[in-house]
Structures are given as structure tokens and as C-alpha cells.
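The data block below is input-v4.tsv; it holds TSV, C-alpha atoms.
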chain	number	residue	atom	x	y	z
M	1	MET	CA	43.88	-1.02	55.94
M	2	LYS	CA	42.68	-2.70	52.74
M	3	LYS	CA	41.83	-6.33	53.31
M	4	SER	CA	39.99	-7.58	50.22
M	5	MET	CA	37.93	-10.73	50.13
M	6	MET	CA	38.14	-12.31	46.72
M	7	LYS	CA	41.28	-14.43	46.98
M	8	LYS	CA	39.90	-16.19	50.03
M	9	LEU	CA	36.42	-16.43	48.60
M	10	THR	CA	36.50	-15.91	44.83
M	11	GLY	CA	39.90	-14.42	43.93
M	12	PHE	CA	41.62	-11.26	45.15
M	13	ALA	CA	42.54	-10.23	41.61
M	14	THR	CA	38.90	-9.63	40.77
M	15	ILE	CA	38.30	-7.20	43.61
M	16	ALA	CA	41.53	-5.35	42.90
M	17	ALA	CA	40.52	-4.90	39.28
M	18	THR	CA	37.06	-3.75	40.29
M	19	ALA	CA	38.56	-1.25	42.72
M	20	MET	CA	40.68	0.21	39.94
M	21	ILE	CA	37.58	0.67	37.79
M	22	PHE	CA	35.91	2.60	40.59
M	23	ALA	CA	39.11	4.54	41.26
M	24	GLY	CA	39.15	5.65	37.65
M	25	CYS	CA	35.63	7.03	38.08
M	26	SER	CA	36.55	9.14	41.08
M	27	THR	CA	36.07	12.83	40.44
M	28	ALA	CA	35.87	16.03	42.38
M	29	SER	CA	32.84	17.29	40.45
M	30	THR	CA	29.60	17.34	42.42
M	31	THR	CA	26.04	17.66	41.24
M	32	GLY	CA	24.31	17.37	44.60
M	33	SER	CA	23.55	20.18	46.99
M	34	GLY	CA	24.32	17.99	49.96
M	35	ASN	CA	21.98	16.77	52.68
M	36	LYS	CA	20.36	19.31	54.98
M	37	GLN	CA	19.66	18.33	58.58
M	38	THR	CA	16.62	20.20	59.85
M	39	GLY	CA	15.10	17.66	62.26
M	40	ASN	CA	15.83	16.84	65.89
M	41	THR	CA	18.36	14.12	65.05
M	42	ILE	CA	21.51	13.89	62.95
M	43	LYS	CA	21.72	10.95	60.57
M	44	ILE	CA	25.17	9.38	60.34
M	45	GLY	CA	25.73	6.42	58.05
M	46	VAL	CA	28.12	3.50	58.41
M	47	ASN	CA	29.38	1.72	55.27
M	48	MET	CA	31.34	-1.14	56.78
M	49	GLU	CA	32.79	-4.58	56.08
M	50	LEU	CA	30.67	-6.59	58.54
M	51	SER	CA	31.00	-9.83	56.57
M	52	GLY	CA	33.46	-11.19	54.02
M	53	ALA	CA	37.23	-11.32	54.34
M	54	ALA	CA	37.54	-8.00	56.21
M	55	GLY	CA	34.61	-8.68	58.51
M	56	GLY	CA	36.89	-9.03	61.52
M	57	TYR	CA	38.16	-5.49	61.10
M	58	GLY	CA	34.72	-4.11	60.27
M	59	ASN	CA	33.02	-5.58	63.30
M	60	GLN	CA	35.70	-4.16	65.57
M	61	GLN	CA	35.05	-0.77	64.00
M	62	LYS	CA	31.30	-1.18	64.41
M	63	GLN	CA	31.81	-1.64	68.15
M	64	GLY	CA	33.92	1.51	68.38
M	65	ILE	CA	31.34	3.46	66.38
M	66	GLN	CA	28.41	2.24	68.47
M	67	MET	CA	30.21	3.04	71.70
M	68	ALA	CA	30.97	6.60	70.59
M	69	VAL	CA	27.38	7.16	69.46
M	70	ASP	CA	25.97	5.76	72.71
M	71	GLU	CA	28.19	8.08	74.75
M	72	ILE	CA	27.23	11.11	72.66
M	73	ASN	CA	23.51	10.33	72.84
M	74	ASP	CA	23.67	9.64	76.57
M	75	ALA	CA	25.06	13.18	76.91
M	76	ASP	CA	22.01	14.50	75.00
M	77	GLY	CA	23.71	14.57	71.63
M	78	ILE	CA	25.74	16.96	69.48
M	79	ASN	CA	25.57	20.71	70.04
M	80	VAL	CA	24.41	22.21	66.75
M	81	ASN	CA	24.47	25.99	67.09
M	82	GLY	CA	23.13	25.84	70.64
M	83	LYS	CA	20.67	22.96	70.16
M	84	LYS	CA	21.46	19.40	71.22
M	85	LYS	CA	20.64	16.74	68.63
M	86	LYS	CA	21.07	13.00	69.07
M	87	ILE	CA	22.63	10.77	66.42
M	88	ASP	CA	20.46	8.47	64.33
M	89	LEU	CA	22.98	5.79	63.33
M	90	ILE	CA	22.31	3.86	60.12
M	91	ILE	CA	24.58	0.83	59.68
M	92	LYS	CA	24.92	-1.15	56.44
M	93	ASP	CA	27.18	-4.09	55.50
M	94	ASN	CA	29.22	-3.74	52.31
M	95	LYS	CA	30.29	-7.41	52.58
M	96	THR	CA	33.91	-6.54	51.72
M	97	ALA	CA	32.80	-6.05	48.11
M	98	THR	CA	33.45	-2.94	46.04
M	99	SER	CA	30.16	-3.11	44.13
M	100	THR	CA	28.19	-3.44	47.37
M	101	SER	CA	30.15	-0.60	48.96
M	102	ALA	CA	29.27	1.69	46.06
M	103	SER	CA	25.56	0.88	46.31
M	104	VAL	CA	25.56	1.19	50.11
M	105	ALA	CA	27.06	4.66	49.80
M	106	THR	CA	24.34	5.66	47.35
M	107	GLN	CA	21.62	4.39	49.69
M	108	LEU	CA	23.05	6.21	52.68
M	109	ALA	CA	23.63	9.47	50.83
M	110	ASN	CA	20.56	9.63	48.59
M	111	ASN	CA	17.89	7.61	50.39
M	112	ASP	CA	18.80	7.96	54.07
M	113	LYS	CA	20.08	11.52	53.62
M	114	VAL	CA	22.96	11.16	56.08
M	115	SER	CA	25.25	14.03	57.10
M	116	ALA	CA	28.38	11.89	56.92
M	117	ILE	CA	29.49	8.30	56.37
M	118	ILE	CA	31.93	6.45	58.63
M	119	GLY	CA	33.83	3.83	56.66
M	120	PRO	CA	34.58	1.74	54.85
M	121	ALA	CA	37.43	0.03	56.67
M	122	THR	CA	39.34	-0.93	53.52
M	123	THR	CA	40.81	1.23	50.78
M	124	ASN	CA	39.24	-0.77	47.95
M	125	ALA	CA	35.72	-0.46	49.37
M	126	GLY	CA	36.34	3.17	50.24
M	127	THR	CA	37.56	3.99	46.76
M	128	ALA	CA	34.43	2.36	45.35
M	129	GLN	CA	32.16	4.71	47.30
M	130	THR	CA	34.06	7.88	46.37
M	131	PRO	CA	32.24	8.78	43.12
M	132	ASN	CA	28.85	8.38	44.76
M	133	ILE	CA	29.53	10.38	47.92
M	134	THR	CA	31.25	13.07	45.87
M	135	LYS	CA	28.24	13.40	43.58
M	136	ALA	CA	25.95	13.59	46.63
M	137	ALA	CA	28.28	16.00	48.49
M	138	VAL	CA	28.41	13.78	51.59
M	139	PRO	CA	31.76	13.31	53.37
M	140	GLY	CA	33.14	9.83	53.98
M	141	LEU	CA	35.63	9.31	56.82
M	142	SER	CA	37.49	6.00	56.77
M	143	PRO	CA	38.96	4.92	60.09
M	144	SER	CA	41.58	2.71	58.46
M	145	ALA	CA	42.16	3.14	54.69
M	146	THR	CA	45.93	3.54	54.47
M	147	ASP	CA	46.80	3.66	50.76
M	148	PRO	CA	48.64	6.96	50.07
M	149	ASP	CA	46.40	7.85	47.11
M	150	TYR	CA	43.11	7.14	48.88
M	151	THR	CA	42.19	10.80	49.41
M	152	LEU	CA	43.52	12.02	46.05
M	153	GLN	CA	42.23	12.30	42.52
M	154	LYS	CA	44.30	11.07	39.59
M	155	ASN	CA	45.52	14.62	38.97
M	156	GLY	CA	46.88	14.80	42.51
M	157	LYS	CA	44.22	17.15	43.84
M	158	VAL	CA	42.38	16.22	47.01
M	159	GLN	CA	39.04	14.44	46.90
M	160	PRO	CA	36.80	17.05	48.58
M	161	TYR	CA	34.59	14.53	50.39
M	162	VAL	CA	37.14	11.82	51.28
M	163	PHE	CA	38.93	11.76	54.65
M	164	ARG	CA	40.79	9.27	56.82
M	165	ALA	CA	41.51	8.95	60.53
M	166	CYS	CA	44.67	6.87	60.11
M	167	TYR	CA	48.14	7.39	58.70
M	168	GLN	CA	49.39	6.33	55.27
M	169	ASN	CA	51.30	3.22	54.19
M	170	ASN	CA	54.43	5.13	53.14
M	171	PHE	CA	54.72	6.60	56.64
M	172	GLN	CA	54.03	3.23	58.27
M	173	GLY	CA	56.45	1.30	56.07
M	174	GLY	CA	59.15	3.93	56.58
M	175	THR	CA	58.66	3.82	60.33
M	176	ALA	CA	59.09	0.05	60.30
M	177	ALA	CA	62.29	0.43	58.26
M	178	LYS	CA	63.78	2.95	60.68
M	179	PHE	CA	62.84	0.87	63.70
M	180	THR	CA	64.34	-2.28	62.19
M	181	TYR	CA	67.62	-0.55	61.43
M	182	ASN	CA	67.96	1.76	64.44
M	183	ASN	CA	66.27	-0.16	67.25
M	184	LEU	CA	66.73	-3.80	66.23
M	185	ARG	CA	70.15	-3.12	64.68
M	186	ALA	CA	69.27	-5.34	61.73
M	187	ARG	CA	71.46	-4.90	58.66
M	188	ARG	CA	70.30	-7.79	56.45
M	189	VAL	CA	66.54	-7.96	56.00
M	190	ALA	CA	64.31	-10.27	53.97
M	191	ILE	CA	60.88	-9.05	52.86
M	192	LEU	CA	57.89	-11.37	52.51
M	193	GLY	CA	54.91	-9.25	51.48
M	194	ASP	CA	51.30	-9.73	50.40
M	195	ASN	CA	51.26	-8.94	46.67
M	196	SER	CA	47.50	-9.49	46.30
M	197	THR	CA	46.67	-6.09	47.81
M	198	ASP	CA	48.00	-2.56	47.41
M	199	TYR	CA	48.35	-2.60	51.20
M	200	GLY	CA	51.08	-5.24	51.13
M	201	THR	CA	52.85	-4.04	47.99
M	202	GLY	CA	52.79	-0.40	49.11
M	203	LEU	CA	54.25	-1.20	52.52
M	204	ALA	CA	56.95	-3.42	51.02
M	205	LYS	CA	57.96	-0.64	48.62
M	206	ALA	CA	58.05	1.97	51.40
M	207	PHE	CA	60.17	-0.27	53.63
M	208	LYS	CA	62.59	-1.12	50.82
M	209	ASN	CA	63.01	2.53	49.83
M	210	GLN	CA	63.73	3.70	53.37
M	211	PHE	CA	65.72	0.81	54.89
M	212	LYS	CA	69.37	1.79	55.25
M	213	GLY	CA	70.69	-1.77	55.37
M	214	LYS	CA	70.69	-4.52	52.71
M	215	ILE	CA	67.56	-6.25	51.41
M	216	VAL	CA	68.84	-9.82	50.96
M	217	ALA	CA	65.56	-11.20	49.57
M	218	ASN	CA	62.23	-9.79	48.41
M	219	GLN	CA	59.55	-12.47	48.10
M	220	THR	CA	55.77	-12.33	47.96
M	221	PHE	CA	52.69	-14.34	48.86
M	222	ALA	CA	48.98	-14.04	48.10
M	223	ALA	CA	46.10	-13.89	50.54
M	224	GLY	CA	44.90	-17.39	51.30
M	225	ASP	CA	48.36	-19.00	51.00
M	226	LYS	CA	49.10	-21.54	53.73
M	227	ASP	CA	52.60	-22.96	53.18
M	228	PHE	CA	55.56	-20.58	53.53
M	229	ASN	CA	58.24	-23.10	54.43
M	230	ALA	CA	60.20	-22.99	51.17
M	231	VAL	CA	60.61	-19.22	51.12
M	232	LEU	CA	61.41	-19.10	54.84
M	233	THR	CA	64.13	-21.72	54.33
M	234	SER	CA	65.62	-19.54	51.59
M	235	PHE	CA	65.67	-16.61	54.02
M	236	LYS	CA	67.61	-18.74	56.46
M	237	SER	CA	70.24	-19.48	53.82
M	238	LYS	CA	70.48	-15.78	53.01
M	239	LYS	CA	71.39	-15.14	56.65
M	240	ALA	CA	68.68	-12.53	57.12
M	241	ASP	CA	68.82	-11.03	60.60
M	242	ALA	CA	65.23	-9.76	60.43
M	243	ILE	CA	62.12	-10.42	58.31
M	244	PHE	CA	59.61	-7.75	57.26
M	245	VAL	CA	56.11	-9.16	56.60
M	246	PRO	CA	53.60	-6.53	55.40
M	247	GLY	CA	50.26	-8.31	55.34
M	248	TYR	CA	47.25	-9.33	57.40
M	249	TYR	CA	47.10	-11.44	60.54
M	250	SER	CA	45.61	-14.47	58.75
M	251	GLU	CA	48.75	-15.11	56.69
M	252	VAL	CA	51.31	-13.40	58.92
M	253	GLY	CA	50.23	-15.59	61.83
M	254	LEU	CA	51.09	-18.67	59.77
M	255	ILE	CA	54.39	-17.14	58.65
M	256	ILE	CA	55.39	-16.54	62.27
M	257	LYS	CA	54.38	-20.06	63.26
M	258	GLN	CA	56.26	-21.75	60.40
M	259	ALA	CA	59.34	-19.56	60.84
M	260	ARG	CA	59.66	-20.49	64.50
M	261	GLN	CA	59.03	-24.17	63.76
M	262	ALA	CA	61.85	-23.99	61.21
M	263	GLY	CA	64.21	-22.63	63.86
M	264	ILE	CA	64.16	-19.07	62.50
M	265	ASN	CA	64.17	-16.90	65.61
M	266	VAL	CA	65.19	-13.54	64.14
M	267	PRO	CA	62.88	-10.55	64.67
M	268	ILE	CA	59.73	-10.53	62.56
M	269	VAL	CA	58.47	-7.01	61.87
M	270	GLY	CA	55.05	-6.13	60.46
M	271	THR	CA	52.36	-3.49	60.32
M	272	ASP	CA	48.88	-2.70	61.61
M	273	GLY	CA	47.35	-5.64	59.72
M	274	MET	CA	48.81	-7.73	62.55
M	275	ALA	CA	47.04	-5.71	65.25
M	276	ASP	CA	44.37	-8.32	65.89
M	277	PRO	CA	44.03	-10.94	68.67
M	278	GLN	CA	43.69	-13.63	65.98
M	279	LEU	CA	47.38	-13.21	65.11
M	280	VAL	CA	48.51	-14.89	68.33
M	281	LYS	CA	45.85	-17.59	68.06
M	282	ILE	CA	47.12	-18.52	64.59
M	283	ALA	CA	50.83	-18.22	65.36
M	284	GLY	CA	50.70	-19.74	68.83
M	285	ALA	CA	51.59	-17.73	71.91
M	286	LYS	CA	55.06	-19.22	72.31
M	287	ASN	CA	55.91	-18.52	68.66
M	288	ALA	CA	54.72	-14.92	68.91
M	289	THR	CA	57.97	-13.78	70.50
M	290	ASN	CA	60.47	-11.29	69.08
M	291	VAL	CA	57.60	-9.98	66.93
M	292	TYR	CA	57.02	-6.27	66.28
M	293	TYR	CA	54.38	-4.26	64.43
M	294	THR	CA	53.44	-0.64	63.80
M	295	THR	CA	50.11	0.53	65.19
M	296	PRO	CA	48.20	3.80	65.58
M	297	PHE	CA	46.87	2.63	68.94
M	298	SER	CA	49.07	1.00	71.55
M	299	THR	CA	47.23	-0.24	74.61
M	300	MET	CA	50.42	-0.08	76.64
M	301	ALA	CA	51.34	3.47	75.62
M	302	SER	CA	47.73	4.61	75.89
M	303	LYS	CA	47.57	3.85	79.60
M	304	LYS	CA	49.56	7.07	80.09
M	305	ASN	CA	47.06	9.07	78.01
M	306	PRO	CA	43.98	10.08	80.07
M	307	THR	CA	41.73	10.21	76.98
M	308	ALA	CA	42.81	6.76	75.83
M	309	ALA	CA	42.77	5.29	79.35
M	310	LYS	CA	39.17	6.42	79.83
M	311	PHE	CA	38.22	4.88	76.49
M	312	MET	CA	39.89	1.56	77.27
M	313	LYS	CA	38.15	1.30	80.65
M	314	ALA	CA	34.76	2.06	79.12
M	315	TYR	CA	35.35	-0.36	76.24
M	316	GLN	CA	36.28	-3.15	78.63
M	317	ALA	CA	33.12	-2.52	80.64
M	318	LYS	CA	30.89	-2.45	77.57
M	319	TYR	CA	32.32	-5.30	75.50
M	320	HIS	CA	34.28	-7.31	78.12
M	321	GLN	CA	37.48	-7.28	76.08
M	322	VAL	CA	40.57	-5.17	75.54
M	323	ALA	CA	39.96	-2.40	73.02
M	324	PRO	CA	41.53	-3.30	69.65
M	325	THR	CA	43.17	-0.80	67.33
M	326	PHE	CA	40.33	-0.73	64.81
M	327	SER	CA	37.70	0.00	67.46
M	328	ALA	CA	39.80	2.92	68.68
M	329	LEU	CA	40.18	4.36	65.17
M	330	ALA	CA	36.43	4.11	64.56
M	331	TYR	CA	35.62	5.68	67.93
M	332	ASP	CA	37.83	8.64	67.02
M	333	SER	CA	36.14	8.89	63.62
M	334	VAL	CA	32.69	9.44	65.14
M	335	ASN	CA	33.99	12.08	67.50
M	336	MET	CA	35.82	13.83	64.66
M	337	VAL	CA	32.47	14.13	62.85
M	338	LYS	CA	30.95	15.46	66.07
M	339	GLN	CA	33.66	18.11	66.37
M	340	ALA	CA	33.26	19.08	62.71
M	341	ILE	CA	29.52	19.61	63.22
M	342	GLU	CA	29.98	21.62	66.40
M	343	ASN	CA	32.73	23.77	64.92
M	344	GLU	CA	30.66	24.61	61.83
M	345	LYS	CA	27.43	24.91	63.87
M	346	SER	CA	25.71	22.84	61.23
M	347	ALA	CA	25.04	19.17	60.43
M	348	ASP	CA	24.50	19.84	56.71
M	349	SER	CA	26.75	17.40	54.84
M	350	LYS	CA	28.69	20.08	52.93
M	351	LYS	CA	29.40	21.91	56.18
M	352	VAL	CA	30.54	18.67	57.84
M	353	ALA	CA	33.10	18.21	55.06
M	354	VAL	CA	34.36	21.75	55.67
M	355	GLY	CA	34.59	21.04	59.39
M	356	LEU	CA	36.51	17.79	58.91
M	357	ALA	CA	39.07	19.57	56.71
M	358	LYS	CA	39.67	22.11	59.49
M	359	ILE	CA	40.29	19.65	62.34
M	360	LYS	CA	43.47	20.49	64.24
M	361	ASN	CA	44.91	19.07	67.46
M	362	PHE	CA	41.91	16.81	67.99
M	363	ASP	CA	42.29	14.94	71.30
M	364	GLY	CA	41.65	11.38	70.14
M	365	VAL	CA	42.16	8.04	71.84
M	366	THR	CA	44.67	7.20	69.08
M	367	GLY	CA	46.56	10.43	69.76
M	368	THR	CA	46.40	14.08	68.77
M	369	ILE	CA	45.05	14.34	65.22
M	370	THR	CA	45.33	17.12	62.66
M	371	ILE	CA	43.83	16.80	59.17
M	372	ASP	CA	46.25	18.09	56.54
M	373	LYS	CA	45.54	19.68	53.14
M	374	ASP	CA	45.19	16.24	51.53
M	375	HIS	CA	42.68	15.09	54.20
M	376	ASN	CA	45.20	12.77	55.84
M	377	ALA	CA	45.47	12.40	59.60
M	378	GLN	CA	48.75	13.61	61.05
M	379	LYS	CA	49.13	11.61	64.26
M	380	PRO	CA	51.53	9.53	66.37
M	381	ILE	CA	52.69	6.01	65.53
M	382	ALA	CA	53.93	3.30	67.85
M	383	ILE	CA	55.57	-0.11	67.54
M	384	GLU	CA	54.48	-2.87	69.90
M	385	THR	CA	56.60	-5.85	70.92
M	386	LEU	CA	55.14	-9.32	71.43
M	387	LYS	CA	56.65	-11.90	73.76
M	388	ASN	CA	54.83	-15.19	74.28
M	389	GLY	CA	51.82	-13.61	72.61
M	390	LYS	CA	51.65	-10.66	75.02
M	391	VAL	CA	52.44	-7.00	74.38
M	392	VAL	CA	55.46	-6.32	76.59
M	393	ASN	CA	56.73	-3.02	75.20
M	394	SER	CA	55.67	-0.07	73.10
M	395	VAL	CA	57.99	2.43	71.42
M	396	SER	CA	56.92	5.72	69.88
M	397	ILE	CA	58.70	6.51	66.64
M	398	LYS	CA	59.12	10.03	65.24

As C-alpha cells, please, write out the structure in this file.
Amino acid sequence: MKKSMMKKLTGFATIAATAMIFAGCSTASTTGSGNKQTGNTIKIGVNMELSGAAGGYGNQQKQGIQMAVDEINDADGINVNGKKKKIDLIIKDNKTATSTSASVATQLANNDKVSAIIGPATTNAGTAQTPNITKAAVPGLSPSATDPDYTLQKNGKVQPYVFRACYQNNFQGGTAAKFTYNNLRARRVAILGDNSTDYGTGLAKAFKNQFKGKIVANQTFAAGDKDFNAVLTSFKSKKADAIFVPGYYSEVGLIIKQARQAGINVPIVGTDGMADPQLVKIAGAKNATNVYYTTPFSTMASKKNPTAAKFMKAYQAKYHQVAPTFSALAYDSVNMVKQAIENEKSADSKKVAVGLAKIKNFDGVTGTITIDKDHNAQKPIAIETLKNGKVVNSVSIK
């Protein structure tokens, strides 16, 4: 997930350009020897969007992280070669800004001497931290950065200290395309995607490339846009029998609302940027019907999974709300770091990176996770159905 802040606050183009500058600096060369952990605690850093445009996602992830850490510490900590050590969690806000994310990563790696960093939530902020964590030899595990190139260098080789706990946009967009064609039986689809982020453009491209039917229209919007009536009317005239809307809940909620008000009742299909309770609040519960989105964590499907069911019950008790997708991804991220440490019998940052790269068949609340050679998470995907603002069905797609 890569929600940037500048269009809503000071212009999305600026943050995208800044992210590209940082991306160009990414390198696999390291000069640091990593951080050794010799004390009675293990320092784990959090570089997260707790304010700014992606603050909603970041705060959900913070809750999942804190819950996982509390559970681990209540059980006397992580087993490091026979000795239990509790987690010392250090949380910093990157403010959904690439420059802040880069400096936060430096502080956590060089000043706080953490073993690993959870976050950031967004690809742009995560890309910005990559040169600094690589130089310090400290692994960064993003719960939700979905851009396909996030874990790779420009030459195609893997970034040795960059990992993710979620799937990639090309897989997600392709899954949406297959579902729309095979399950919804749609043959004429209109695309309305967010062109102010790589998230939206990447998903639109993946859907277009893998949809077997006809794309009757391919329009775009920018984050912060409010009026979609003209383009939706054009879709109606094109006789689209489904609409694909890769973007975030803030705009997609308005698109759903305006489409239904215009009498457009065809299926609206989206992605994990819609997996937020705010979507229904913006769209209106009645309008949020015949709406579908891909997600790595389906509350309905997870009820059948003992690991996920236990998590959801504990989350409800702790925070008095249903566990959202981004909390689940972050919860898994902490426990993946724990497993990496225990498997390598060391909390030294270089060893943690080795351990993360070796994770296979990890029993997470978002499904069974295996990290592949490019540090991507191989895991299940589901599509949830909304009716009157409620999740009424969940379908697993292979």
C-alpha cells in the first residue's frame, strides 16, 4: 500500500518525485557491521505513517504491532538461543513524508541500534528508508508496501535488507481481473484509477493486462479529487458492466456514492486500499452494495482459521473493534521478526535479515506465509463482497 500525502496536503507529485530520488539511491552495498544485541532486551524499531495522508493505515498498523509485542512480552519475550528477551519497542512517526522516513530510519538504525524495523506502511516511505537501512545492515519489513519493485534494486537483484509481509500489485490486480471475468461474468469493464500514485497506476496496468474481456474505457483521477460524475456518466454510455477502481478509500468511497446516485448499479471492484471502515462511511451503507475488493485478510474467511480467529478475538478485547487488514499485516510482521530471531538464535540485525529470508510456511493471521528469493511474501488472497456496507461473502482466489 502506498498512500502518499502531498496531493491532499501539498501535492502528490512532489512526494512521488522525492520517492524516485530516494529509489535511485538504493543500493545493496553496506558499510555497517549491523547492530549487535547483547543486553537483556531486543530493540525493534517502528518507522510508521502515524500522521499525514496515510495516518489511518499507519495507526491501524501501530495497534497490530503493539498487540503482538505485548503478547510476546507477556510470555517472557523471544527465545534467543535459550534465553528469553523482551522487546523494547521504539516507535517513530514518519508523517507520510519520504524525507522524514529516511531520517527516522537513520535514527532507529544508528542511534537506537535496533535489530529490525517494522514499516513503513507505504512504498514511497519504505523506498526512502532503503539506502539508510542497507548502509546500517538493519532489515526493514513493511507490512503493506505492494509495488512490485519495492524489494528490488534497479539491476533486478534483491535488496538484501528489504522485506514485505504482503503480496504485490501485479498479483492483486491480476486476481481482481480474473474474479471480474470468471466470477462476476463481466465482459465490458471500465477502469477508473488513481494516477497520482504507483499503487493506482500499477494495479490498473495489471488488471488491463490480465482481463480477458474488453476494456471499454480507461480513465484516471488524482488523490483529493471530489467530483467523478462526468467520467461515471461516460461509463454509463459505454455500457460497462463492471467498474474497476484501483485507489484508496477516500476517493473510492466517493466514486461508489456518486455512481449509485447516478443510477449506476453495476459491480464496482477494487483492491486493498478499500479495506478500511471509512470506505462505507464515505460511500454510505446503502450505496456500498455490489462492491468487491481484494484483501490479504478477510474477517469472514479468517473465522475458519484458528490462528486468525484467536487474533480477532484478542484484538476485539483489546481495542473494542473488529481487526482491520492493516493491523493483521502488522501483527504478522512482528511475529515474523520473532521467528527469524529464534530460528537464527540471534537478535543481531544481520542475522535477523538472514532469518527473514528463510521464512517458510509461517502460520500467520493473514495466512501461511513463505518469503521468496526476492523477499516477497507468498500468501493467500481473498475477495470480500459488500452489501449494505457489510461484508457478506469472501472468496479465495488461486

Check: Neighbours of segment 272-274 of chain M within 7 Å (all atoms listed in the file; same-chain residues fewer than 5 positions away dropped), as a PyMOL selection string?
Finding: chain M and resi 1+247-249+279+293-295

Next item on the list: Give me the residues within 8 Å of segment 83-95 of chain M as a list in words, counting only C-alpha atoms and dropping any in the same chain fewer than 6 places off.
Entry: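 In the requested form, the answer reads Asn40, Thr41, Ile42, Lys43, Ile44, Gly45, Val46, Asn47, Met48, Glu49, Leu50, Ser51, Gly52, Gly55, Val69, Ile72, Asn73, Asp76, Gly77, Ser101, Val104, Leu108 and Ala125 of chain M.
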
Output the selection as a PDB file, in the frame of the given file - C-alpha atoms for each residue.
ATOM      1  CA  ASN M  40      15.830  16.840  65.890  1.00  0.00           C
ATOM      2  CA  THR M  41      18.360  14.120  65.050  1.00  0.00           C
ATOM      3  CA  ILE M  42      21.510  13.890  62.950  1.00  0.00           C
ATOM      4  CA  LYS M  43      21.720  10.950  60.570  1.00  0.00           C
ATOM      5  CA  ILE M  44      25.170   9.380  60.340  1.00  0.00           C
ATOM      6  CA  GLY M  45      25.730   6.420  58.050  1.00  0.00           C
ATOM      7  CA  VAL M  46      28.120   3.500  58.410  1.00  0.00           C
ATOM      8  CA  ASN M  47      29.380   1.720  55.270  1.00  0.00           C
ATOM      9  CA  MET M  48      31.340  -1.140  56.780  1.00  0.00           C
ATOM     10  CA  GLU M  49      32.790  -4.580  56.080  1.00  0.00           C
ATOM     11  CA  LEU M  50      30.670  -6.590  58.540  1.00  0.00           C
ATOM     12  CA  SER M  51      31.000  -9.830  56.570  1.00  0.00           C
ATOM     13  CA  GLY M  52      33.460 -11.190  54.020  1.00  0.00           C
ATOM     14  CA  GLY M  55      34.610  -8.680  58.510  1.00  0.00           C
ATOM     15  CA  VAL M  69      27.380   7.160  69.460  1.00  0.00           C
ATOM     16  CA  ILE M  72      27.230  11.110  72.660  1.00  0.00           C
ATOM     17  CA  ASN M  73      23.510  10.330  72.840  1.00  0.00           C
ATOM     18  CA  ASP M  76      22.010  14.500  75.000  1.00  0.00           C
ATOM     19  CA  GLY M  77      23.710  14.570  71.630  1.00  0.00           C
ATOM     20  CA  SER M 101      30.150  -0.600  48.960  1.00  0.00           C
ATOM     21  CA  VAL M 104      25.560   1.190  50.110  1.00  0.00           C
ATOM     22  CA  LEU M 108      23.050   6.210  52.680  1.00  0.00           C
ATOM     23  CA  ALA M 125      35.720  -0.460  49.370  1.00  0.00           C
TER      24      ALA M 125
END

Check: Hey, what's within 12 Å of segment 191-195 of chain M if we count only C-alpha atoms and toss same-chain stuff fewer than 6 positions away? As a VMD selection string, please?
Finding: chain M and resid 2 to 4 7 12 to 13 16 173 176 to 177 201 to 208 211 214 to 225 228 to 232 234 to 235 238 240 to 252 255 to 256 259 268 to 271 273

Check: So which residues touch segment 360-368 of chain M within 12 Å, counting only C-alpha atoms, skipping near sequence neighbours fewer than 4 positions away, as a VMD selection string?
Finding: chain M and resid 64 68 143 to 144 165 to 167 295 to 315 323 to 340 343 355 to 356 372 to 373 375 to 382 396

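Of the residues under consideration (M:Gly284, M:Gly39, M:Gly126, M:Pro267), M:Gly126 shows the shortest atom-to-atom contact distance to Thr98 of chain M when counting all atoms listed in the file.
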
Next item on the list: Quick one: everything within 7 Å of Ile341 of chain M, counting only C-alpha atoms, minus sequence neighbours fewer than 6 positions away in the same chain. Send it as a VMD selection string.
Entry: chain M and resid 80 347 352 355

Could I get segment 143-154 of chain M rebuilt with N, CA, C and O atoms, written as a JSON list (two decimals), in the coordinates of the input?
[["chain", "number", "residue", "atom", "x", "y", "z"],
["M", 143, "PRO", "N", 38.08, 5.06, 58.94],
["M", 143, "PRO", "CA", 38.96, 4.92, 60.09],
["M", 143, "PRO", "C", 40.31, 4.31, 59.74],
["M", 143, "PRO", "O", 41.29, 4.53, 60.45],
["M", 144, "SER", "N", 40.39, 3.54, 58.62],
["M", 144, "SER", "CA", 41.58, 2.71, 58.46],
["M", 144, "SER", "C", 42.08, 2.49, 57.04],
["M", 144, "SER", "O", 42.89, 1.60, 56.80],
["M", 145, "ALA", "N", 41.64, 3.27, 56.06],
["M", 145, "ALA", "CA", 42.16, 3.14, 54.69],
["M", 145, "ALA", "C", 43.53, 3.80, 54.61],
["M", 145, "ALA", "O", 43.64, 5.01, 54.78],
["M", 146, "THR", "N", 44.57, 3.03, 54.33],
["M", 146, "THR", "CA", 45.93, 3.54, 54.47],
["M", 146, "THR", "C", 46.68, 3.79, 53.16],
["M", 146, "THR", "O", 47.80, 4.28, 53.19],
["M", 147, "ASP", "N", 46.10, 3.44, 52.02],
["M", 147, "ASP", "CA", 46.80, 3.66, 50.76],
["M", 147, "ASP", "C", 47.08, 5.15, 50.56],
["M", 147, "ASP", "O", 46.17, 5.98, 50.74],
["M", 148, "PRO", "N", 48.29, 5.54, 50.18],
["M", 148, "PRO", "CA", 48.64, 6.96, 50.07],
["M", 148, "PRO", "C", 47.72, 7.76, 49.15],
["M", 148, "PRO", "O", 47.48, 8.95, 49.38],
["M", 149, "ASP", "N", 47.21, 7.13, 48.08],
["M", 149, "ASP", "CA", 46.40, 7.85, 47.11],
["M", 149, "ASP", "C", 44.91, 7.85, 47.44],
["M", 149, "ASP", "O", 44.11, 8.36, 46.66],
["M", 150, "TYR", "N", 44.54, 7.31, 48.56],
["M", 150, "TYR", "CA", 43.11, 7.14, 48.88],
["M", 150, "TYR", "C", 42.33, 8.45, 48.84],
["M", 150, "TYR", "O", 41.21, 8.50, 48.35],
["M", 151, "THR", "N", 42.90, 9.52, 49.33],
["M", 151, "THR", "CA", 42.19, 10.80, 49.41],
["M", 151, "THR", "C", 42.43, 11.71, 48.20],
["M", 151, "THR", "O", 41.99, 12.85, 48.19],
["M", 152, "LEU", "N", 43.13, 11.18, 47.19],
["M", 152, "LEU", "CA", 43.52, 12.02, 46.05],
["M", 152, "LEU", "C", 42.86, 11.59, 44.75],
["M", 152, "LEU", "O", 42.57, 10.42, 44.53],
["M", 153, "GLN", "N", 42.66, 12.58, 43.88],
["M", 153, "GLN", "CA", 42.23, 12.30, 42.52],
["M", 153, "GLN", "C", 43.44, 11.91, 41.68],
["M", 153, "GLN", "O", 44.58, 12.03, 42.11],
["M", 154, "LYS", "N", 43.20, 11.46, 40.46],
["M", 154, "LYS", "CA", 44.30, 11.07, 39.59],
["M", 154, "LYS", "C", 45.23, 12.23, 39.27],
["M", 154, "LYS", "O", 46.43, 12.04, 39.04]]
